[in-house]
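Step one of this worksheet: look at the structure below.
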Amino acid sequence: MEDQLEALQLTERIEGHQLDLDARLFEARHERGFAARSAGIRWSIQPLSDTSTDLFSSLKRRAGRTSASPPPAWAELLEALNLAEEAHQRGLEELEALRQRMYARWHIAANDKEVIEEPFFQAYVVPVRHQLTRTGRLHLEQEPSLVFRARAEPISFEIVSRQCGQYDLYVEVLNEGEPFDLEDEYDPSNWTWVMEFRNCCDLELSESHDVEVVTPDEQWEIHNEGITYTVRALAEGLSLEIPASDDSLAGKLASALAALQDAISAYNATPAGRAAPYVLSRMPAAPYWEAANPVLLLTGEAARNDLAQDRAGSAADDDRLACSFVDAALDLRALPEATITTLANHLAGLGPEVGSAWKEPPWSPLMMHWYFKIAPSAREDDGDYDPGQLLEHYTLETQAVDQALRPGHESSFATDDSIYSGISLLTPSASREVEERITLYLQHELLPAYYAAHGVPAEEQDQGYLAAHVAEIQAWYLSQNTPEPGTEDPVFTALWAYGELQKTPCLAQSLGNFNDVLLLREPVMQLKISDPLAPIEDPDDWDAFYADTVRNAMAGGFQRRPLTLDRFNALRSGAMSITSLWLVDTFGQVKEVVDRETPGDIDVITTVDQTPPAGVYHQVLLSPRLAQPARLRFEWLPADSAVARRTNDHPETNPVCGFLLVNNLDGALAVYDKAGRALGSIDRTNTWRTAPGSGGRVRMGARGRPQFANVHLQRVVEHVLDQDEEFLKLFLSTQRTALETIDPEAYAENPSRALLMARPVAVVRAALTLEIKGPPALDPTTLVDDEDTSRRIEALKIPVRLGEFSQLDDGLVGYFREEPAGQRSYTYGDGVFYSPQARAVGHALIRTYGNNDRSMYMLRTAADPAQHVTMLLDPRGQVHATTGVLPSEQLRLSPEHYSKALAAMEVSFLTAPILTDRGALRLPVPKEAGHTWSWVTQEATGDWAATSAIAPVNPRAAFSAPQEVREGWLMLRRSADQDN
C-alpha cells in the first residue's frame with residue numbers, strides 16, 4: 001500500500017516508461033527525500049531559434065537550417081568558460097563559509113563578553129577580505145541582441161566608521177598627502193593605511209607609491225605601480241575602493257566569456273553564420289542535494305480544526321458559512337432606535353438550534369514547538385569521524401537505492417543523545433495533495449465505468465462527485481470483483497485511502513532547519529553586528545572599530561547563531577525520537593501532544609525502511625545523509641583528450657572512443673573506431689588481426705601492437721592483448737552475459753547491421769567526483785579555542801555502485817578504473833574489469849557481484865580527486881551511479897554520438913579455409929534485405945581486393961569442377977541503393 005500511494009505522487013517520474021518501473025519508483029522516492037540546491041550555471045552553445053510570435057512570419061516557408069557543427073575551436077573556449085564559471089562559484093562559496101566562520105566566532109565572543117582585539121581581526125576578518133578580493137565582483141548582462149557582456153567591478157571596503165574614535169586619525173594621515181611610512185610600524189600611516197592595504201587585498205605598497213588629496217576630508221587617491229586606489233568619505237565612514245582586477249576570479253570569468261562571445265559574434269557575421277547563427281545560453285549546473293528535513297504528520301484529536309469542521313459541517317456548495325435570515329424591514333442608513341430594538345429582539349429570540357454559540361475558543365492549531373533527540377551512529381563523543389564509519393555500520397546492497405543499517409548494529413547508537421528544538425507552522429496541504437492525486441487517478445481508472453453503470457448525467461460528473469458518493473462507489477467496486485480485492489489492488493487502495501482522508505484530520509510540517517541544527521548553526525533573526533557597550537569616541541579603544549569591520553565583512557549576509565552546547569553531526573545517521581511536542585492554536589491555546597515525561601505513550605508510525613527493529617527504544621531510524629549539501633558529479637570525458645576535461649554541448653567533445661563487438665562465430669573481439677569503421681579484431685588465440693580495407697587507420701607499433709588515432713580505445717585493446725587466451729575467453733563471455741540483461745527502451749531507435757550479428761558496445765570514459773557545496777562545515781564548539789575542524793567529514797568513505805544489472809535500461813557492461821600515471825597518462829591500476837552482474841566468472845582480473853565481492857564498490861571521499869573510468873556501454877542505454885547517501889545519478893549518450901557509427905558499421909568474418917570451384921567463389925550466405933555480402937582478400941602486394949560475385953553453392957555433394965582452397969573475409973555491407 002505504501003508503494004502504491006507513493007507511486008500516485010510520483011507519476012510524473014514514471015509516466016511514459018515501459019521498463020524498470022519499480023526501480024524508477026524507488027529512485028524517484030529516494031530523490032524526493034532531498035532538496036536541490038543551486039550550484040550556479042553552466043554555459044552552452046545553442047543554435048539561434050526563431051523566436052518570432054508573428055503568425056504570418058511563422059507560416060512563411062523558410063530555408064532549412066544547415067547541419068554544420070560549431071567550429072572546433074569553440075570546444076576549448078567553452079570549456080575554459082565553464083571552468084572559470086565553476087572557479088568563480090567556488091570562490092563565492094568559500095567566501096560565504098569564511099563569513100559564517102567569522103560570525104560564529106564573533107557571536108561566541110560577544111556572548112562571553114570577550115574583548116575583540118587585533119588577533120581576532122587577523123584570524124577572522126582579514127581572510128574574508130582577502131577572499132572577497134580574490135573572488136572579485138562580477139557584473140553580467142545580456143544585450144537585446146542576445147550577446148552576453150561581463151566585467152569585473154571594483155570592490156569597496158569600509159575601513160572605519162564616522163562614529164569610531166579612529167576616524168579623525170585615518171583622515172589626518174590622508175590629508176597630509178605624503179607617502180606612507182613603510183618601515184616604521186609605529187608611524188600612524190604605517191599601522192593605518194599600509195596595514196589596511198595588507199588586510200584588504202594582501203598588497204605591499206611599493207616605495208614609489210604616492211598619495212593625492214583630491215578633496216580634503218572627502219576624497220583621496222593612492223597611486224601604486226600604475227594602479228589608482230580611491231578613498232572616499234561617505235556618510236557611513238571611510239571607504240577604500242580596490243579597482244577591478246583581471247586576475248580575480250570574476251576578471252578571469254569575464255575574459256573567458258568575452259573570448260567565446262567574440263568568437264561566436266565573428267562567426268555569426270560570416271555567410272555561414274548568418275545562415276545558421278549560434279548564441280550563448282545559460283543553464284543550471286548539476287545541483288547539489290541537501291537531505292530534506294524530516295516531516296511530522298499529526299492525526300487524531302490534536303489535529304482537529306474546529307473552525308474548519310464548522311465550515312465543512314454548515315457550508316453550502318459555494319463553501320460559505322450558513323447564515324440566519326431576518327424577516328424584517330431595517331433602515332441601515334440611520335439605524336434609528338427602532339431598528340436596533342428590532343435586531344436585539346430577533347437575536348434574543350434565536351433558539352440554541354440556530355447558529356452556534358462559543359462557550360470557549362475553538363481549537364485551531366497553527367504551529368508546533370518540538371523537541372527531539374538524536375543518537376548518531378558510532379558518535380559517542382564529539383571527535384573526528386572514522387573514515388570507515390559508514391562502511392562498518394551501513395550497507396548498500398546490490399539493487400538498493402539507499403543504505404541500510406547492518407543487522408545488530410543498533411548497538412552502535414550513541415547512548416548520550418543530542419537534544420534539538422524548533423518551531424514550525426502547521427499546514428493541511430499534505431493530505432490535500434494526496435487527496436488530489438487519488439481523485440485524478442480514480443477519475444481515470446474507475447469513475448468512467450461507474451458513471452456508465454449508473455447512468456450518471458454528464459452535468460453531475462464534476463470534481464465533487466467522488467467526495468459526495470465515495471461510500472456508494474466503494475461498495476459498487478467491491479461488488480464487481482470476486483473475491484473482494486485487497487491492498488494488492490491499486491484501485492481498492494486508492495478508494496480506501498480516499499475514504500480515510502475524508503474522515504481523518506491531518507496536519508503536517510517539516511522540522512525546519514534540521515540540517516543546520518545538526519551542524520550547530522541555527523539560522524535565526526539577529527540584530528545587526530555592533531558593540532553597544534564600546535566607547536565609540538575613545539581613539540584608544542578599538543572594540544567598536546573591530547565590531548564595525550565584522551559588520552562590513554558580513555555585507556548583509558545571513559547570520560547563523562552557533563550552538564555550542566550540542567554535538568556536531570555532519571553525518572545524519574543513527575536514530576531519533578520526538579521527546580516533546582506542543583501545539584499552539586490561533587487563539588494562543590496550547591495543547592501538549594507528547595509529554596516530555598512519557599514520550600512513549602504516543603504512537604509514532606514511519607515508513608518501512610525507517611522503522612526500528614524490536615528492542616530499539618528510538619522511534620525512527622535515520623538513513624545516512626550528509627548534513628551539508630553535496631553531489632556525486634558524474635560526467636562524460638571527451639574521447640579526443642587525455643586531459644581531465646569534461647564534455648560539453650560541443651560535438652567535438654563526443655565521449656565515444658570506439659566500439660567493441662563480440663564475434664560469437666569466431667570467438668573474437670572486433671574493434672571499430674568512433675565512426676563505426678572496422679580496425680581489426682583479437683582472435684581466439686589472443687592475436688591481433690588488422691581488418692581488411694582499414695587503410696591507414698591502423699599502424700603497427702614496435703612491439704607488433706596496433707596503434708589507433710584514439711589512445712583510450714588503444715589502451716583497452718592493449719590491455720586485452722597483454723592477457724592470456726583464458727582472459728579473452730572469459731572477457732567475451734562476461735560481455736555476452738551482461739548484454740543478456742540489457743534491453744534499453746531506445747532499442748528500436750538505432751537499427752544497424754552490426755546488431756544483426758551481435759551487440760556492439762561503446763568504449764566511453766567518465767569521471768565521478770564527490771563534492772560538498774563549499775568547504776566542509778566547521779564545528780563551532782572548537783572556535784572557542786580558535787581551532788578550525790570539520791571533524792574530518794571530508795575523509796568519510798562513501799561507496800559508489802556503478803551500473804544496475806537488474807534494470808533493462810541500464811546499459812553498462814563493465815568498466816576499468818583508471819589511475820593517474822603522469823600528467824597526461826593513466827593505467828588501469830590493478831587491471832581488473834568490473835562487470836555488474838550476479839554470475840561469478842572465476843578470473844582474478846574479472847570481478848562481478850558473484851561471491852558477494854565488495855570490491856565492486858568504489859570508495860570515494862569528498863577530499864578525493866575525480867575518479868576516471870573507462871566503460872563498455874550499450875550506447876542505447878544509460879548508466880547509473882548510486883551512493884545511497886545522495887540521489888542516484890544517470891548518464892545517457894546522445895544518439896548523435898553513436899547512431900551514425902552504428903548505421904555505418906560493417907561486420908566481417910574471417911572465413912578460412914574454404915573449398916570452392918577454381919576461378920569461382922561459392923559460399924552459402926543468408927539474404928539480408930538492404931545489404932550485400934562481399935568477399936575480401938589480401939593480394940600479394942599487400943593491397944585489399946573485394947568482390948560481390950558470390951555464387952550459390954552446389955546442393956549436390958559432388959565436385960562439379962576442379963577445386964581450390966581459399967581464405968578471406970566475408971563482409972556485410974549496405975547496398976548501394978540503401979546508401980542513396
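Following the order of the C-alpha cells, chains are lettered A, B, ..., residues in each are numbered from 1, and ligands are numbered from 1.
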
So that I can see what lies close to region 209-217 of chain A, please list as a PDB file with N, CA, C and O atoms, in the first residue's frame the residues with an atom at most 10 Å from it, counting only C-alpha atoms and leaving out residues fewer than 5 positions away in the same chain.
ATOM      1  N   ASP A 168      39.142  60.274  12.748  1.00  0.00           N
ATOM      2  CA  ASP A 168      39.897  61.511  12.518  1.00  0.00           C
ATOM      3  C   ASP A 168      41.359  61.216  12.218  1.00  0.00           C
ATOM      4  O   ASP A 168      41.983  61.895  11.386  1.00  0.00           O
ATOM      5  N   VAL A 171      41.748  60.085   8.602  1.00  0.00           N
ATOM      6  CA  VAL A 171      41.607  61.223   7.689  1.00  0.00           C
ATOM      7  C   VAL A 171      42.835  62.119   7.758  1.00  0.00           C
ATOM      8  O   VAL A 171      43.327  62.617   6.734  1.00  0.00           O
ATOM      9  N   GLU A 172      43.353  62.339   8.942  1.00  0.00           N
ATOM     10  CA  GLU A 172      44.524  63.206   9.117  1.00  0.00           C
ATOM     11  C   GLU A 172      45.712  62.677   8.341  1.00  0.00           C
ATOM     12  O   GLU A 172      46.441  63.449   7.697  1.00  0.00           O
ATOM     13  N   VAL A 173      45.930  61.383   8.373  1.00  0.00           N
ATOM     14  CA  VAL A 173      47.052  60.788   7.626  1.00  0.00           C
ATOM     15  C   VAL A 173      46.879  61.034   6.134  1.00  0.00           C
ATOM     16  O   VAL A 173      47.840  61.384   5.421  1.00  0.00           O
ATOM     17  N   LEU A 174      45.676  60.895   5.615  1.00  0.00           N
ATOM     18  CA  LEU A 174      45.439  61.099   4.190  1.00  0.00           C
ATOM     19  C   LEU A 174      45.577  62.571   3.807  1.00  0.00           C
ATOM     20  O   LEU A 174      46.108  62.899   2.728  1.00  0.00           O
ATOM     21  N   ASN A 175      45.111  63.458   4.641  1.00  0.00           N
ATOM     22  CA  ASN A 175      45.168  64.884   4.317  1.00  0.00           C
ATOM     23  C   ASN A 175      46.599  65.403   4.225  1.00  0.00           C
ATOM     24  O   ASN A 175      46.837  66.450   3.622  1.00  0.00           O
ATOM     25  N   GLU A 176      47.544  64.714   4.830  1.00  0.00           N
ATOM     26  CA  GLU A 176      48.947  65.146   4.709  1.00  0.00           C
ATOM     27  C   GLU A 176      49.448  65.029   3.284  1.00  0.00           C
ATOM     28  O   GLU A 176      50.375  65.735   2.876  1.00  0.00           O
ATOM     29  N   GLY A 177      48.866  64.123   2.490  1.00  0.00           N
ATOM     30  CA  GLY A 177      49.263  63.974   1.084  1.00  0.00           C
ATOM     31  C   GLY A 177      50.663  63.457   0.907  1.00  0.00           C
ATOM     32  O   GLY A 177      51.260  63.650  -0.169  1.00  0.00           O
ATOM     33  N   GLU A 178      51.217  62.821   1.885  1.00  0.00           N
ATOM     34  CA  GLU A 178      52.579  62.314   1.829  1.00  0.00           C
ATOM     35  C   GLU A 178      52.567  60.793   1.697  1.00  0.00           C
ATOM     36  O   GLU A 178      51.652  60.121   2.195  1.00  0.00           O
ATOM     37  N   PRO A 179      53.595  60.223   1.047  1.00  0.00           N
ATOM     38  CA  PRO A 179      53.682  58.754   1.006  1.00  0.00           C
ATOM     39  C   PRO A 179      53.711  58.185   2.427  1.00  0.00           C
ATOM     40  O   PRO A 179      54.216  58.794   3.360  1.00  0.00           O
ATOM     41  N   PHE A 180      53.185  57.005   2.564  1.00  0.00           N
ATOM     42  CA  PHE A 180      53.130  56.369   3.873  1.00  0.00           C
ATOM     43  C   PHE A 180      54.499  55.832   4.253  1.00  0.00           C
ATOM     44  O   PHE A 180      55.312  55.474   3.396  1.00  0.00           O
ATOM     45  N   ILE A 222      45.416  56.937  -3.859  1.00  0.00           N
ATOM     46  CA  ILE A 222      46.741  56.355  -3.613  1.00  0.00           C
ATOM     47  C   ILE A 222      47.164  55.676  -4.901  1.00  0.00           C
ATOM     48  O   ILE A 222      46.464  54.791  -5.417  1.00  0.00           O
ATOM     49  N   HIS A 223      48.307  56.116  -5.450  1.00  0.00           N
ATOM     50  CA  HIS A 223      48.823  55.579  -6.715  1.00  0.00           C
ATOM     51  C   HIS A 223      49.957  54.615  -6.400  1.00  0.00           C
ATOM     52  O   HIS A 223      50.923  54.980  -5.719  1.00  0.00           O
ATOM     53  N   ASN A 224      49.833  53.394  -6.924  1.00  0.00           N
ATOM     54  CA  ASN A 224      50.845  52.377  -6.650  1.00  0.00           C
ATOM     55  C   ASN A 224      51.036  51.509  -7.885  1.00  0.00           C
ATOM     56  O   ASN A 224      50.113  50.813  -8.311  1.00  0.00           O
ATOM     57  N   GLU A 225      52.216  51.619  -8.500  1.00  0.00           N
ATOM     58  CA  GLU A 225      52.590  50.805  -9.660  1.00  0.00           C
ATOM     59  C   GLU A 225      51.533  50.866 -10.761  1.00  0.00           C
ATOM     60  O   GLU A 225      51.103  49.862 -11.314  1.00  0.00           O
ATOM     61  N   GLY A 226      51.087  52.069 -11.054  1.00  0.00           N
ATOM     62  CA  GLY A 226      50.164  52.288 -12.158  1.00  0.00           C
ATOM     63  C   GLY A 226      48.709  52.029 -11.835  1.00  0.00           C
ATOM     64  O   GLY A 226      47.847  52.156 -12.719  1.00  0.00           O
ATOM     65  N   ILE A 227      48.401  51.684 -10.609  1.00  0.00           N
ATOM     66  CA  ILE A 227      47.019  51.414 -10.209  1.00  0.00           C
ATOM     67  C   ILE A 227      46.591  52.465  -9.204  1.00  0.00           C
ATOM     68  O   ILE A 227      47.348  52.812  -8.288  1.00  0.00           O
ATOM     69  N   THR A 228      45.371  52.963  -9.381  1.00  0.00           N
ATOM     70  CA  THR A 228      44.854  54.003  -8.502  1.00  0.00           C
ATOM     71  C   THR A 228      43.813  53.415  -7.557  1.00  0.00           C
ATOM     72  O   THR A 228      42.854  52.763  -7.999  1.00  0.00           O
ATOM     73  N   TYR A 229      44.024  53.651  -6.269  1.00  0.00           N
ATOM     74  CA  TYR A 229      43.081  53.221  -5.228  1.00  0.00           C
ATOM     75  C   TYR A 229      42.433  54.472  -4.644  1.00  0.00           C
ATOM     76  O   TYR A 229      43.133  55.376  -4.179  1.00  0.00           O
ATOM     77  N   THR A 230      41.117  54.525  -4.686  1.00  0.00           N
ATOM     78  CA  THR A 230      40.389  55.719  -4.251  1.00  0.00           C
ATOM     79  C   THR A 230      39.836  55.519  -2.845  1.00  0.00           C
ATOM     80  O   THR A 230      39.269  54.462  -2.528  1.00  0.00           O
ATOM     81  N   VAL A 231      39.981  56.547  -2.030  1.00  0.00           N
ATOM     82  CA  VAL A 231      39.401  56.560  -0.692  1.00  0.00           C
ATOM     83  C   VAL A 231      38.377  57.680  -0.651  1.00  0.00           C
ATOM     84  O   VAL A 231      38.664  58.820  -1.040  1.00  0.00           O
ATOM     85  N   ARG A 232      37.180  57.375  -0.192  1.00  0.00           N
ATOM     86  CA  ARG A 232      36.104  58.360  -0.116  1.00  0.00           C
ATOM     87  C   ARG A 232      35.543  58.406   1.301  1.00  0.00           C
ATOM     88  O   ARG A 232      35.465  57.385   1.987  1.00  0.00           O
ATOM     89  N   ALA A 233      35.165  59.627   1.694  1.00  0.00           N
ATOM     90  CA  ALA A 233      34.489  59.816   2.969  1.00  0.00           C
ATOM     91  C   ALA A 233      32.993  59.797   2.706  1.00  0.00           C
ATOM     92  O   ALA A 233      32.418  60.774   2.217  1.00  0.00           O
ATOM     93  N   LEU A 238      34.912  55.941   6.087  1.00  0.00           N
ATOM     94  CA  LEU A 238      35.918  55.935   5.021  1.00  0.00           C
ATOM     95  C   LEU A 238      35.832  54.635   4.241  1.00  0.00           C
ATOM     96  O   LEU A 238      35.810  53.540   4.819  1.00  0.00           O
TER      97      LEU A 238
END

What lies within 8 Å of region 197-201 of chain A using only C-alpha atoms, ignoring chain neighbours under 6 positions off, as a list of chain:residue names?
A:Gln122, A:Val126, A:Arg129, A:His130, A:Thr133, A:Arg134, A:Phe157, A:Ile242

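The nearest approach to Tyr617 (chain A) among the residues A:Ser431, A:Ser580, A:Ser975, A:Thr415, with only C-alpha atoms taken into account, belongs to A:Thr415.
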
Give the strand (DSSP E or B) residues of region 625-834 of chain A, as assigned by DSSP on the backbone, as a VMD selection string.
chain A and resid 625 to 626 630 to 637 656 to 663 668 to 673 678 to 682 688 to 690 699 to 700 706 to 707 761 to 772 798 to 802 810 812 to 817 819 to 820 826 to 827 833 to 834

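Take CA of Gly919 (chain A) and CA of Gln938 (chain A): the distance between them is 16.3 Å.
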